[in-house]
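**Q** Supplied structure: coords-v2.txt, compact mmCIF, C-alpha atoms and all ligand atoms.
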# COMPACT_ATOMS: atom_id res chain seq x y z
CA MET A 1 -20.77 -15.37 -12.79
CA TYR A 2 -21.88 -16.43 -9.29
CA CYS A 3 -20.32 -16.61 -5.85
CA LYS A 4 -19.08 -20.12 -5.14
CA LEU A 5 -20.31 -19.86 -1.55
CA CYS A 6 -23.79 -18.34 -1.82
CA ARG A 7 -24.71 -18.12 -5.53
CA CYS A 8 -25.14 -14.30 -5.38
CA LYS A 9 -23.58 -12.25 -8.19
CA ALA A 10 -19.77 -12.47 -8.02
CA ILE A 11 -17.66 -9.30 -8.03
CA ILE A 12 -14.32 -11.04 -8.49
CA ARG A 13 -12.78 -14.23 -9.80
CA LEU A 14 -9.67 -15.46 -8.01
CA PRO A 15 -8.12 -18.20 -10.17
CA TYR A 16 -5.26 -18.82 -7.71
CA ALA A 17 -7.84 -19.78 -5.06
CA LYS A 18 -10.25 -21.39 -7.57
CA LEU A 19 -13.00 -19.05 -6.28
CA SER A 20 -15.52 -16.53 -7.53
CA LEU A 21 -16.91 -14.41 -4.71
CA CYS A 22 -19.69 -11.94 -4.01
CA ARG A 23 -19.00 -8.72 -2.12
CA LYS A 24 -19.76 -10.17 1.32
CA HIS A 25 -17.73 -13.34 0.84
CA PHE A 26 -14.85 -11.49 -0.80
CA ASN A 27 -14.58 -9.19 2.23
CA GLU A 28 -14.59 -12.15 4.58
CA PHE A 29 -12.01 -13.94 2.41
CA ILE A 30 -9.59 -10.98 2.46
CA GLU A 31 -10.01 -10.30 6.17
CA ARG A 32 -9.36 -13.98 6.92
CA LYS A 33 -6.34 -13.93 4.62
CA VAL A 34 -4.83 -10.98 6.49
CA LEU A 35 -5.50 -12.67 9.82
CA LYS A 36 -3.74 -15.81 8.52
CA SER A 37 -0.71 -13.78 7.39
CA ILE A 38 -0.52 -12.05 10.76
CA ASN A 39 -0.48 -15.46 12.46
CA ARG A 40 1.73 -17.20 9.90
CA TYR A 41 4.46 -14.57 10.22
CA HIS A 42 3.97 -13.96 13.98
CA MET A 43 3.34 -10.28 13.33
CA VAL A 44 1.78 -9.28 16.62
CA ASN A 45 3.93 -11.19 19.11
CA SER A 46 5.79 -8.13 20.30
CA GLY A 47 2.93 -6.09 21.74
CA ARG A 48 -0.54 -4.82 21.02
CA ARG A 49 -0.13 -1.07 20.46
CA VAL A 50 -0.13 -0.80 16.69
CA LEU A 51 0.41 2.35 14.64
CA VAL A 52 -0.98 2.25 11.10
CA ALA A 53 0.56 4.61 8.56
CA VAL A 54 -2.21 5.74 6.19
CA SER A 55 -1.46 7.71 3.03
CA GLY A 56 -4.97 8.06 1.62
CA GLY A 57 -4.25 5.53 -1.13
CA LYS A 58 -6.14 2.26 -1.59
CA ASP A 59 -3.59 -0.06 0.03
CA SER A 60 -3.02 1.62 3.40
CA SER A 61 -6.72 2.53 3.63
CA THR A 62 -7.64 -1.10 3.06
CA LEU A 63 -5.07 -2.11 5.69
CA LEU A 64 -6.57 0.20 8.33
CA HIS A 65 -10.11 -0.96 7.53
CA ILE A 66 -9.15 -4.63 7.83
CA LEU A 67 -7.11 -4.18 11.02
CA SER A 68 -9.98 -2.28 12.57
CA SER A 69 -12.27 -5.22 11.83
CA LEU A 70 -9.72 -7.61 13.39
CA ARG A 71 -8.88 -5.51 16.43
CA SER A 72 -11.03 -7.36 18.93
CA THR A 73 -9.97 -10.79 17.61
CA LEU A 74 -6.30 -9.80 17.90
CA LYS A 75 -6.78 -7.57 20.97
CA LEU A 76 -5.05 -4.66 19.22
CA GLU A 77 -4.90 -1.06 20.33
CA LEU A 78 -4.94 0.76 17.01
CA TYR A 79 -3.59 4.23 16.25
CA GLY A 80 -3.46 5.99 12.90
CA VAL A 81 -1.11 8.55 11.43
CA TYR A 82 -1.16 10.62 8.28
CA ILE A 83 2.03 12.39 7.22
CA ASP A 84 1.40 15.53 5.18
CA LEU A 85 4.51 15.66 3.00
CA GLY A 86 3.64 19.03 1.49
CA LEU A 87 2.70 17.85 -2.01
CA GLY A 88 0.13 20.61 -2.62
CA GLU A 89 -3.43 19.65 -3.62
CA TYR A 90 -2.48 15.98 -3.65
CA SER A 91 -1.61 16.03 0.06
CA LYS A 92 -4.63 18.17 0.86
CA TYR A 93 -7.11 15.79 -0.72
CA SER A 94 -5.35 12.70 0.65
CA ARG A 95 -5.60 14.15 4.15
CA GLU A 96 -9.35 14.75 3.76
CA CYS A 97 -9.82 11.12 2.73
CA VAL A 98 -7.71 9.80 5.61
CA GLU A 99 -9.51 11.88 8.23
CA LYS A 100 -12.84 10.57 6.94
CA LEU A 101 -11.51 7.02 7.15
CA PHE A 102 -10.25 7.48 10.74
CA LYS A 103 -13.78 8.58 11.64
CA THR A 104 -15.39 5.67 9.79
CA VAL A 105 -13.29 3.07 11.58
CA ASN A 106 -13.17 5.02 14.88
CA VAL A 107 -9.41 4.97 15.34
CA GLU A 108 -7.45 7.58 17.33
CA TYR A 109 -5.07 9.42 15.07
CA THR A 110 -2.53 12.16 14.62
CA ILE A 111 -1.49 14.26 11.64
CA ILE A 112 2.13 15.20 10.99
CA GLU A 113 2.61 18.35 8.93
CA LEU A 114 6.12 18.22 7.59
CA GLU A 115 6.35 21.87 6.64
CA LYS A 116 5.21 22.88 10.11
CA GLY A 117 7.43 20.43 11.99
CA LEU A 118 10.59 20.39 9.91
CA GLY A 119 10.23 23.63 7.98
CA TYR A 120 10.58 21.86 4.62
CA SER A 121 8.22 20.00 2.31
CA VAL A 122 9.49 16.92 0.46
CA PRO A 123 9.87 18.79 -2.88
CA LYS A 124 11.74 21.64 -1.16
CA LEU A 125 14.13 19.32 0.65
CA SER A 126 14.62 17.39 -2.57
CA SER A 127 15.57 20.46 -4.59
CA LEU A 128 17.88 21.82 -1.86
CA SER A 129 19.68 18.50 -1.42
CA LYS A 130 19.51 17.50 -5.12
CA ARG A 131 18.25 14.06 -4.09
CA PRO A 132 15.25 12.36 -5.76
CA LYS A 133 11.84 13.16 -4.19
CA CYS A 134 10.95 9.48 -3.76
CA SER A 135 14.07 8.78 -1.71
CA ILE A 136 13.48 11.86 0.50
CA CYS A 137 9.86 10.82 0.91
CA GLY A 138 10.83 7.29 2.05
CA LEU A 139 13.43 8.63 4.46
CA ILE A 140 11.01 11.13 6.03
CA LYS A 141 8.29 8.49 6.45
CA ARG A 142 10.66 6.01 8.15
CA TYR A 143 12.05 8.66 10.46
CA THR A 144 8.64 10.05 11.40
CA LEU A 145 7.12 6.63 12.13
CA ASN A 146 10.08 5.71 14.34
CA ALA A 147 9.82 9.02 16.20
CA ILE A 148 6.06 8.71 16.82
CA ALA A 149 6.52 5.12 17.97
CA LEU A 150 9.29 6.07 20.36
CA HIS A 151 7.30 8.85 22.03
CA ASN A 152 4.03 6.93 22.29
CA ARG A 153 5.18 3.47 23.42
CA ILE A 154 4.05 2.01 20.08
CA ASP A 155 5.07 -1.66 19.80
CA ILE A 156 4.39 -2.19 16.13
CA VAL A 157 4.22 -0.05 12.98
CA ALA A 158 2.01 -1.53 10.23
CA THR A 159 2.43 -0.43 6.63
CA GLY A 160 0.32 -1.12 3.54
CA HIS A 161 2.95 -2.93 1.44
CA THR A 162 1.15 -5.43 -0.77
CA LEU A 163 2.19 -8.70 -2.39
CA ASP A 164 2.93 -6.82 -5.62
CA ASP A 165 5.02 -4.15 -3.85
CA VAL A 166 7.18 -6.69 -2.04
CA ILE A 167 7.71 -8.85 -5.15
CA ALA A 168 8.67 -5.79 -7.20
CA TYR A 169 11.17 -4.66 -4.54
CA ILE A 170 12.69 -8.15 -4.23
CA VAL A 171 13.28 -8.38 -7.98
CA LYS A 172 14.51 -4.79 -8.17
CA GLU A 173 17.06 -5.29 -5.38
CA PHE A 174 18.33 -8.41 -7.19
CA ILE A 175 18.56 -6.61 -10.52
CA THR A 176 20.39 -3.63 -9.05
CA GLY A 177 22.62 -5.80 -6.85
CA ASN A 178 21.33 -4.14 -3.70
CA TYR A 179 21.36 -7.41 -1.74
CA SER A 180 21.99 -5.75 1.60
CA GLN A 181 18.51 -4.19 1.47
CA LEU A 182 16.62 -7.47 0.96
CA TYR A 183 16.11 -8.07 4.68
CA LYS A 184 13.70 -5.10 4.72
CA LEU A 185 11.27 -7.11 2.60
CA LYS A 186 10.57 -9.71 5.26
CA PRO A 187 6.93 -9.77 6.48
CA LYS A 188 8.08 -8.66 9.91
CA LEU A 189 11.13 -6.78 11.13
CA ASP A 190 11.83 -7.28 14.80
CA ALA A 191 11.76 -4.46 17.31
CA ILE A 192 14.89 -3.16 19.00
CA PRO A 193 13.71 -2.45 22.55
CA GLY A 194 13.82 1.22 23.48
CA LEU A 195 14.97 2.18 20.00
CA MET A 196 12.79 0.88 17.22
CA PRO A 197 9.29 -0.64 16.98
CA SER A 198 8.64 -3.86 15.13
CA ARG A 199 7.52 -3.25 11.53
CA ILE A 200 4.93 -5.46 9.89
CA LYS A 201 3.34 -5.84 6.44
CA PRO A 202 -0.07 -7.46 7.02
CA LEU A 203 -1.02 -7.15 3.31
CA ILE A 204 2.06 -9.08 2.18
CA GLU A 205 -0.10 -11.86 0.70
CA VAL A 206 -2.84 -9.55 -0.66
CA SER A 207 -2.51 -8.31 -4.24
CA GLU A 208 -3.03 -4.70 -5.27
CA ARG A 209 -6.05 -5.76 -7.28
CA GLU A 210 -7.59 -7.34 -4.17
CA CYS A 211 -6.89 -4.14 -2.18
CA LEU A 212 -8.47 -2.05 -4.91
CA THR A 213 -11.55 -4.31 -5.04
CA TYR A 214 -11.83 -4.17 -1.26
CA ALA A 215 -11.55 -0.35 -1.21
CA ILE A 216 -14.14 0.11 -3.97
CA SER A 217 -16.59 -2.47 -2.66
CA ASN A 218 -16.47 -0.98 0.85
CA LYS A 219 -16.69 2.57 -0.54
CA LEU A 220 -13.63 3.62 1.46
CA PRO A 221 -12.76 7.32 1.17
CA VAL A 222 -9.66 6.84 -0.97
CA HIS A 223 -7.59 9.16 -3.13
CA TYR A 224 -7.34 7.29 -6.43
CA GLY A 225 -5.06 9.92 -7.98
CA GLU A 226 -1.38 9.42 -8.66
CA CYS A 227 1.31 11.18 -6.67
CA PRO A 228 2.24 14.19 -8.85
CA TYR A 229 5.90 13.21 -8.54
CA SER A 230 5.60 9.51 -9.39
CA PRO A 231 7.77 8.83 -12.41
CA GLU A 232 6.18 8.02 -15.80
CA VAL A 233 8.11 4.77 -16.01
CA SER A 234 9.84 2.95 -13.20
CA LEU A 235 11.47 -0.42 -12.80
CA GLU A 236 8.99 -1.34 -10.03
CA MET A 237 6.01 -0.66 -12.29
CA GLU A 238 7.49 -2.70 -15.12
CA ILE A 239 8.19 -5.60 -12.78
CA LYS A 240 4.61 -5.40 -11.48
CA GLN A 241 3.26 -5.50 -15.02
CA PHE A 242 5.43 -8.48 -15.84
CA PHE A 243 4.26 -10.42 -12.77
CA ASN A 244 0.60 -9.56 -13.43
CA ARG A 245 0.91 -11.04 -16.90
CA LEU A 246 2.62 -14.13 -15.48
CA GLU A 247 -0.14 -14.48 -12.86
CA VAL A 248 -2.82 -14.61 -15.56
CA LYS A 249 -1.06 -17.53 -17.26
CA HIS A 250 0.12 -19.21 -14.06
CA PRO A 251 -2.38 -18.46 -11.27
CA GLY A 252 -0.69 -18.44 -7.87
CA ILE A 253 2.80 -17.70 -9.11
CA LYS A 254 3.07 -14.38 -7.21
CA ILE A 255 2.26 -15.90 -3.84
CA GLN A 256 4.56 -18.88 -4.53
CA PHE A 257 7.42 -16.53 -5.34
CA LEU A 258 6.88 -14.54 -2.16
CA ARG A 259 6.61 -17.61 0.07
CA LYS A 260 9.78 -19.13 -1.44
CA PHE A 261 11.60 -15.88 -0.76
CA VAL A 262 10.43 -15.76 2.84
CA LYS A 263 11.04 -19.47 3.52
CA GLU A 264 14.23 -20.14 1.64
CA TYR A 265 15.94 -16.82 1.47
CA SER A 266 15.01 -14.54 4.30
CA LYS A 267 16.49 -16.90 6.92
CA SER A 268 19.90 -16.16 5.48
CA LEU A 269 19.17 -12.47 6.00
CA GLU A 270 18.99 -12.69 9.82
CA GLY A 271 21.27 -10.10 11.28
CA SER A 272 21.80 -8.20 8.03
CA GLU A 273 20.13 -5.14 9.56
CA GLY A 274 23.66 -4.20 10.61
CA ASN A 275 24.49 -2.58 13.87
CA ILE A 276 21.51 -0.32 14.62
CA ARG A 277 22.29 2.29 17.26
CA LYS A 278 21.11 5.70 18.44
CA CYS A 279 21.90 8.66 16.21
CA SER A 280 24.37 10.79 18.15
CA VAL A 281 22.44 13.93 17.18
CA CYS A 282 18.72 13.11 17.51
CA GLY A 283 18.67 9.75 19.30
CA LEU A 284 16.65 7.91 16.68
CA PRO A 285 17.70 4.59 15.13
CA SER A 286 20.58 4.75 12.70
CA SER A 287 22.94 2.32 10.98
CA SER A 288 25.83 4.76 11.45
CA ASP A 289 26.85 7.34 14.01
CA ILE A 290 24.55 10.01 12.51
CA CYS A 291 21.16 9.09 11.01
CA ALA A 292 20.17 9.73 7.40
CA LEU A 293 17.83 12.64 8.18
CA CYS A 294 20.37 14.42 10.38
CA LYS A 295 23.00 13.96 7.67
CA LEU A 296 20.66 15.33 5.01
CA VAL A 297 19.48 18.37 6.97
CA GLY A 298 23.00 18.99 8.28
CA ARG A 299 24.26 19.11 4.70
CA VAL A 300 21.47 21.44 3.51
CA ASP A 301 21.37 23.80 6.52
CA GLY A 302 24.86 23.47 7.99
CA SER A 303 23.10 22.72 11.30
CA TYR A 304 20.92 20.01 12.86
CA SER A 305 18.53 22.34 14.63
CA ARG A 306 15.59 21.67 12.27
CA VAL A 307 15.73 17.94 13.03
CA LEU A 308 15.78 18.61 16.75
CA ASP A 309 12.79 20.97 16.37
CA PHE A 310 11.00 18.34 14.27
CA HIS A 311 11.63 15.82 17.00
CA LYS A 312 10.12 18.18 19.61
CA TYR A 313 7.13 18.79 17.32
CA ILE A 314 6.46 15.05 17.08
CA GLU A 315 6.93 14.63 20.82
CA GLY A 316 4.29 17.31 21.44
CA LEU A 317 1.62 15.73 19.20
CA GLU A 318 -1.24 13.77 20.67
CA PHE A 319 -3.54 11.16 19.28
CA LYS A 320 -7.07 12.47 19.08
CA HIS A 321 -10.42 10.72 18.94
CA PRO A 322 -12.04 11.03 15.53
CA MET B 1 -22.41 1.14 -33.50
CA GLY B 2 -19.88 -0.61 -31.32
CA ILE B 3 -18.28 2.26 -29.46
CA PHE B 4 -17.58 1.75 -25.76
CA LYS B 5 -16.39 4.71 -23.72
CA VAL B 6 -14.13 3.88 -20.80
CA LYS B 7 -12.69 6.16 -18.15
CA ILE B 8 -9.25 5.11 -16.91
CA ILE B 9 -8.30 5.92 -13.29
CA PRO B 10 -5.82 7.22 -12.07
CA LYS B 11 -4.78 8.56 -15.49
CA ASN B 12 -8.17 10.30 -15.69
CA ILE B 13 -8.45 9.84 -19.42
CA VAL B 14 -11.34 8.58 -21.50
CA ARG B 15 -10.66 5.97 -24.17
CA GLU B 16 -13.02 4.77 -26.85
CA VAL B 17 -13.02 1.13 -27.83
CA ASN B 18 -14.48 0.51 -31.25
CA ILE B 19 -15.75 -2.99 -31.95
CA PRO B 20 -17.84 -2.69 -35.14
CA GLY B 21 -21.20 -4.43 -35.21
CA ARG B 22 -21.36 -5.13 -31.48
CA SER B 23 -23.66 -3.34 -29.04
CA GLU B 24 -22.52 -5.48 -26.12
CA ILE B 25 -19.28 -7.23 -25.26
CA LYS B 26 -17.69 -9.14 -22.42
CA VAL B 27 -15.43 -7.24 -20.03
CA TYR B 28 -12.48 -9.45 -21.02
CA GLU B 29 -12.92 -8.36 -24.64
CA LEU B 30 -12.87 -4.75 -23.55
CA LEU B 31 -9.68 -5.31 -21.52
CA GLU B 32 -8.03 -7.09 -24.43
CA ALA B 33 -8.81 -4.12 -26.69
CA LEU B 34 -7.29 -1.79 -24.11
CA ASN B 35 -4.26 -4.08 -23.69
CA PHE B 36 -4.83 -4.68 -19.98
CA VAL B 37 -4.79 -8.00 -18.17
CA VAL B 38 -7.39 -8.88 -15.56
CA GLU B 39 -4.81 -9.04 -12.75
CA GLU B 40 -3.98 -5.33 -13.06
CA VAL B 41 -7.48 -3.78 -13.11
CA VAL B 42 -10.85 -3.47 -11.42
CA VAL B 43 -13.76 -2.57 -13.70
CA THR B 44 -16.90 -0.80 -12.44
CA ARG B 45 -20.19 0.24 -14.02
CA GLY B 46 -22.39 3.09 -12.90
CA GLY B 47 -19.99 4.09 -10.13
CA SER B 48 -20.38 1.18 -7.74
CA GLU B 49 -21.11 -2.10 -9.51
CA ILE B 50 -17.91 -4.16 -9.68
CA LEU B 51 -17.74 -6.37 -12.77
CA THR B 52 -15.91 -9.62 -13.37
CA GLU B 53 -14.24 -10.29 -16.69
CA TYR B 54 -17.19 -12.49 -17.72
CA ASP B 55 -19.85 -9.78 -17.19
CA THR B 56 -21.34 -8.06 -20.22
CA VAL B 57 -21.17 -4.31 -20.87
CA ARG B 58 -23.35 -2.40 -23.32
CA GLU B 59 -22.81 0.67 -25.44
CA GLY B 60 -23.58 3.75 -23.38
CA ASP B 61 -22.70 2.07 -20.03
CA ASP B 62 -20.73 4.25 -17.63
CA ILE B 63 -17.59 2.10 -17.42
CA VAL B 64 -14.53 2.88 -15.31
CA VAL B 65 -11.29 0.89 -15.36
CA PHE B 66 -9.20 1.36 -12.21
CA LEU B 67 -5.54 0.42 -12.57
CA ALA B 68 -4.26 -1.52 -9.58
CA PRO B 69 -0.47 -1.04 -9.67
CA SER B 70 0.61 2.05 -7.80
CA GLY B 71 3.80 3.76 -6.79
CA GLY B 72 7.09 3.88 -8.52
ZN ZN A 401 -21.28 -15.07 -1.58
ZN ZN A 402 19.48 11.80 13.72
Using structure tokens, write down the structure from this file.
Ligand SMILES: [Zn+2]
Ligand SMILES: [Zn+2]

**A**
Amino acid sequence: MYCKLCRCKAIIRLPYAKLSLCRKHFNEFIERKVLKSINRYHMVNSGRRVLVAVSGGKDSSTLLHILSSLRSTLKLELYGVYIDLGLGEYSKYSRECVEKLFKTVNVEYTIIELEKGLGYSVPKLSSLSKRPKCSICGLIKRYTLNAIALHNRIDIVATGHTLDDVIAYIVKEFITGNYSQLYKLKPKLDAIPGLMPSRIKPLIEVSERECLTYAISNKLPVHYGECPYSPEVSLEMEIKQFFNRLEVKHPGIKIQFLRKFVKEYSKSLEGSEGNIRKCSVCGLPSSSDICALCKLVGRVDGSYSRVLDFHKYIEGLEFKHP
Amino acid sequence: MGIFKVKIIPKNIVREVNIPGRSEIKVYELLEALNFVVEEVVVTRGGSEILTEYDTVREGDDIVVFLAPSGG
């Protein structure tokens, strides 16, 4: 099988685009696709200081690599962050990969160590609060990214959510009747000046398979292992499997579904963020008087002091050159 | 004859696909035998060569199937 553009050996066939591409042309195709999504969804209108959250997995690593190749075109000031959630060897190896990647792409970065800053790892906080690890993990990541952004005049936080992730969440929120959360799946969430950065998903039209191909073909330092706490079966994974099987029979169906959602549905979600205000304890964004992290730690400890210390820890961190 | 060893990442397991009488097969045949669809995997040979579903693999090749869906 040969590349449609240069007749070199193809590494991937993309039926939805009626293309087979070699390594070089696949890279160019994906980078152009991300640039188009950024423009299509007006992702970088609200500033140029962009923080990229990198976990060490294939998707966020691909995101950082692509944004670094687009930074002069888009005039971006890129910063990276890795959050060490305290998941033992898994976190340790992920961090090694991410630090290598920051060096490769020459992006200033900072590392957040949760156990050092907050005094709890994700598994510890999960067992003390009796809440699932994945929900604690999500909460910590959102909080931390908002806090870093606030203290470093970051305009935009970019995350590695892919086409498959967003589709799986859309369907899951419909199945579980969690309609009020659908607004979060838009390609871009607007900033609230002085309180919250804009949040963007530049990989929203890139599939996980494309991210994986990009990561392997560019030899990115990626942790291909699974999070030790990811469940054996989950609704998201089953939805992904279902859509991947549909895509084989109906090439392009995933992107069509996403675009319909964004075009037809997400307009009706304007304003469904609710009334975002400052948490009365820590000052970070919250949909109620006290934010989710303060509530959680307050319940576990009987005091908010760990959150306030965590906040100071984040405030004291600096971005360093790789 | 006809045994193809495949490492599956991130599960980190090795599976053997037995297709009697064949010393080489197409990648799509291998995926079918493993019950994967093309949209959920990337297949490599020898560590760095990325294969399409129409490439041919031989017995004894160092084949790795990476699963694309992540998270939960
Ligand atoms: Zn080519
Ligand atoms: Zn708070």

**Q** Which is closest to chain A among B:Ile13, B:Ile50, B:Val64, B:Val27, if we use all atoms listed in the file?

**A**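 Among the listed residues, the smallest separation from chain A belongs to B:Ile50.
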
**Q** So which residues are near ligand ZN 402 (chain A), meaning at most 12 Å away with all atoms listed in the file counted, given back as a ChimeraX atom specification?

**A** /A:139-140,142-144,146-147,277-298,303-311

**Q** Using only C-alpha atoms and all ligand atoms, find each residue with an atom at most 10 Å away from ligand ZN 401 (chain A) and format the answer as a list in words.

**A**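 The residues within 10 Å of ligand ZN 401 (chain A), counting only C-alpha atoms and all ligand atoms, are Tyr2, Cys3, Lys4, Leu5, Cys6, Arg7, Cys8, Lys9, Ala10, Ile11, Ser20, Leu21, Cys22, Arg23, Lys24, His25, Phe26, Asn27 and Glu28 of chain A.
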
**Q** Please produce an output containing C-alpha atoms for each residue in the selection, written as a PDB file, keeping the file's coordinate frame.

**A**
ATOM      1  CA  TYR A   2     -21.880 -16.430  -9.290  1.00  0.00           C
ATOM      2  CA  CYS A   3     -20.320 -16.610  -5.850  1.00  0.00           C
ATOM      3  CA  LYS A   4     -19.080 -20.120  -5.140  1.00  0.00           C
ATOM      4  CA  LEU A   5     -20.310 -19.860  -1.550  1.00  0.00           C
ATOM      5  CA  CYS A   6     -23.790 -18.340  -1.820  1.00  0.00           C
ATOM      6  CA  ARG A   7     -24.710 -18.120  -5.530  1.00  0.00           C
ATOM      7  CA  CYS A   8     -25.140 -14.300  -5.380  1.00  0.00           C
ATOM      8  CA  LYS A   9     -23.580 -12.250  -8.190  1.00  0.00           C
ATOM      9  CA  ALA A  10     -19.770 -12.470  -8.020  1.00  0.00           C
ATOM     10  CA  ILE A  11     -17.660  -9.300  -8.030  1.00  0.00           C
ATOM     11  CA  SER A  20     -15.520 -16.530  -7.530  1.00  0.00           C
ATOM     12  CA  LEU A  21     -16.910 -14.410  -4.710  1.00  0.00           C
ATOM     13  CA  CYS A  22     -19.690 -11.940  -4.010  1.00  0.00           C
ATOM     14  CA  ARG A  23     -19.000  -8.720  -2.120  1.00  0.00           C
ATOM     15  CA  LYS A  24     -19.760 -10.170   1.320  1.00  0.00           C
ATOM     16  CA  HIS A  25     -17.730 -13.340   0.840  1.00  0.00           C
ATOM     17  CA  PHE A  26     -14.850 -11.490  -0.800  1.00  0.00           C
ATOM     18  CA  ASN A  27     -14.580  -9.190   2.230  1.00  0.00           C
ATOM     19  CA  GLU A  28     -14.590 -12.150   4.580  1.00  0.00           C
TER      20      GLU A  28
END

**Q** Output the contact residues of chain A with respect to chain B at a cut-off of 8 Å, based on only C-alpha atoms, as a count of residues only.

**A** 29

**Q** Using Å and a single decimal, report how far CA of Glu232 in chain A sits from CA of Val65 in chain B.

**A**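 Going from CA of Val65 in chain B over to CA of Glu232 in chain A covers 18.9 Å.
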
**Q** In the coordinate frame of the file, compute which residues have an atom within 10 Å of (-23.4, -5.3, -30.9) when using all atoms listed in the file, and state them as a list in words.

**A**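 Looking at atoms near the point gives Met1, Gly2, Ile3, Ile19, Pro20, Gly21, Arg22, Ser23, Glu24, Ile25, Arg58 and Glu59 of chain B.
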
**Q** Point out the residue among A:Ile30, A:Val122, A:Ile200, A:Leu195 with the least atom-to-atom distance to Ala215 in chain A, counting only C-alpha atoms.

**A** A:Ile30

**Q** Provide the CA of Arg15 in chain B to CA of Val57 in chain B distance in Å, to one decimal place.

**A**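 One can read the CA of Arg15 in chain B to CA of Val57 in chain B distance as 15.1 Å.
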
**Q** One decimal, Å: what's the distance from CA of Leu258 in chain A over to CA of Gly160 in chain A, could you say?

**A** 16.0 Å

**Q** Go through A:Gly56, A:Glu173, A:Tyr214, A:Asn39 and flag the residue nearest Pro187 in chain A, using all atoms listed in the file for the distances.

**A** A:Asn39

**Q** When you get a chance, write out N, CA and C atoms for range 251-263 of chain A, as an mmCIF file, in the frame of the given file.

**A**
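Resulting contents of result-v8.cif:
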data_model
loop_
_atom_site.group_PDB
_atom_site.id
_atom_site.type_symbol
_atom_site.label_atom_id
_atom_site.label_comp_id
_atom_site.auth_asym_id
_atom_site.auth_seq_id
_atom_site.Cartn_x
_atom_site.Cartn_y
_atom_site.Cartn_z
ATOM 1 N N PRO A 251 -1.759 -18.961 -12.507
ATOM 2 C CA PRO A 251 -2.380 -18.460 -11.270
ATOM 3 C C PRO A 251 -1.652 -18.975 -10.026
ATOM 4 N N GLY A 252 -1.357 -18.050 -9.112
ATOM 5 C CA GLY A 252 -0.690 -18.440 -7.870
ATOM 6 C C GLY A 252 0.808 -18.211 -7.869
ATOM 7 N N ILE A 253 1.343 -17.789 -9.020
ATOM 8 C CA ILE A 253 2.800 -17.700 -9.110
ATOM 9 C C ILE A 253 3.358 -16.573 -8.226
ATOM 10 N N LYS A 254 2.567 -15.495 -8.024
ATOM 11 C CA LYS A 254 3.070 -14.380 -7.210
ATOM 12 C C LYS A 254 3.225 -14.819 -5.743
ATOM 13 N N ILE A 255 2.202 -15.490 -5.251
ATOM 14 C CA ILE A 255 2.260 -15.900 -3.840
ATOM 15 C C ILE A 255 3.347 -16.960 -3.630
ATOM 16 N N GLN A 256 3.493 -17.854 -4.639
ATOM 17 C CA GLN A 256 4.560 -18.880 -4.530
ATOM 18 C C GLN A 256 5.928 -18.229 -4.458
ATOM 19 N N PHE A 257 6.131 -17.222 -5.304
ATOM 20 C CA PHE A 257 7.420 -16.530 -5.340
ATOM 21 C C PHE A 257 7.701 -15.880 -3.987
ATOM 22 N N LEU A 258 6.696 -15.210 -3.442
ATOM 23 C CA LEU A 258 6.880 -14.540 -2.160
ATOM 24 C C LEU A 258 7.198 -15.547 -1.052
ATOM 25 N N ARG A 259 6.407 -16.641 -1.024
ATOM 26 C CA ARG A 259 6.610 -17.610 0.070
ATOM 27 C C ARG A 259 7.974 -18.285 -0.026
ATOM 28 N N LYS A 260 8.431 -18.541 -1.260
ATOM 29 C CA LYS A 260 9.780 -19.130 -1.440
ATOM 30 C C LYS A 260 10.823 -18.164 -0.888
ATOM 31 N N PHE A 261 10.647 -16.888 -1.219
ATOM 32 C CA PHE A 261 11.600 -15.880 -0.760
ATOM 33 C C PHE A 261 11.657 -15.882 0.774
ATOM 34 N N VAL A 262 10.470 -15.863 1.389
ATOM 35 C CA VAL A 262 10.430 -15.760 2.840
ATOM 36 C C VAL A 262 11.018 -17.035 3.464
ATOM 37 N N LYS A 263 10.635 -18.194 2.908
ATOM 38 C CA LYS A 263 11.040 -19.470 3.520
ATOM 39 C C LYS A 263 12.511 -19.773 3.269
#
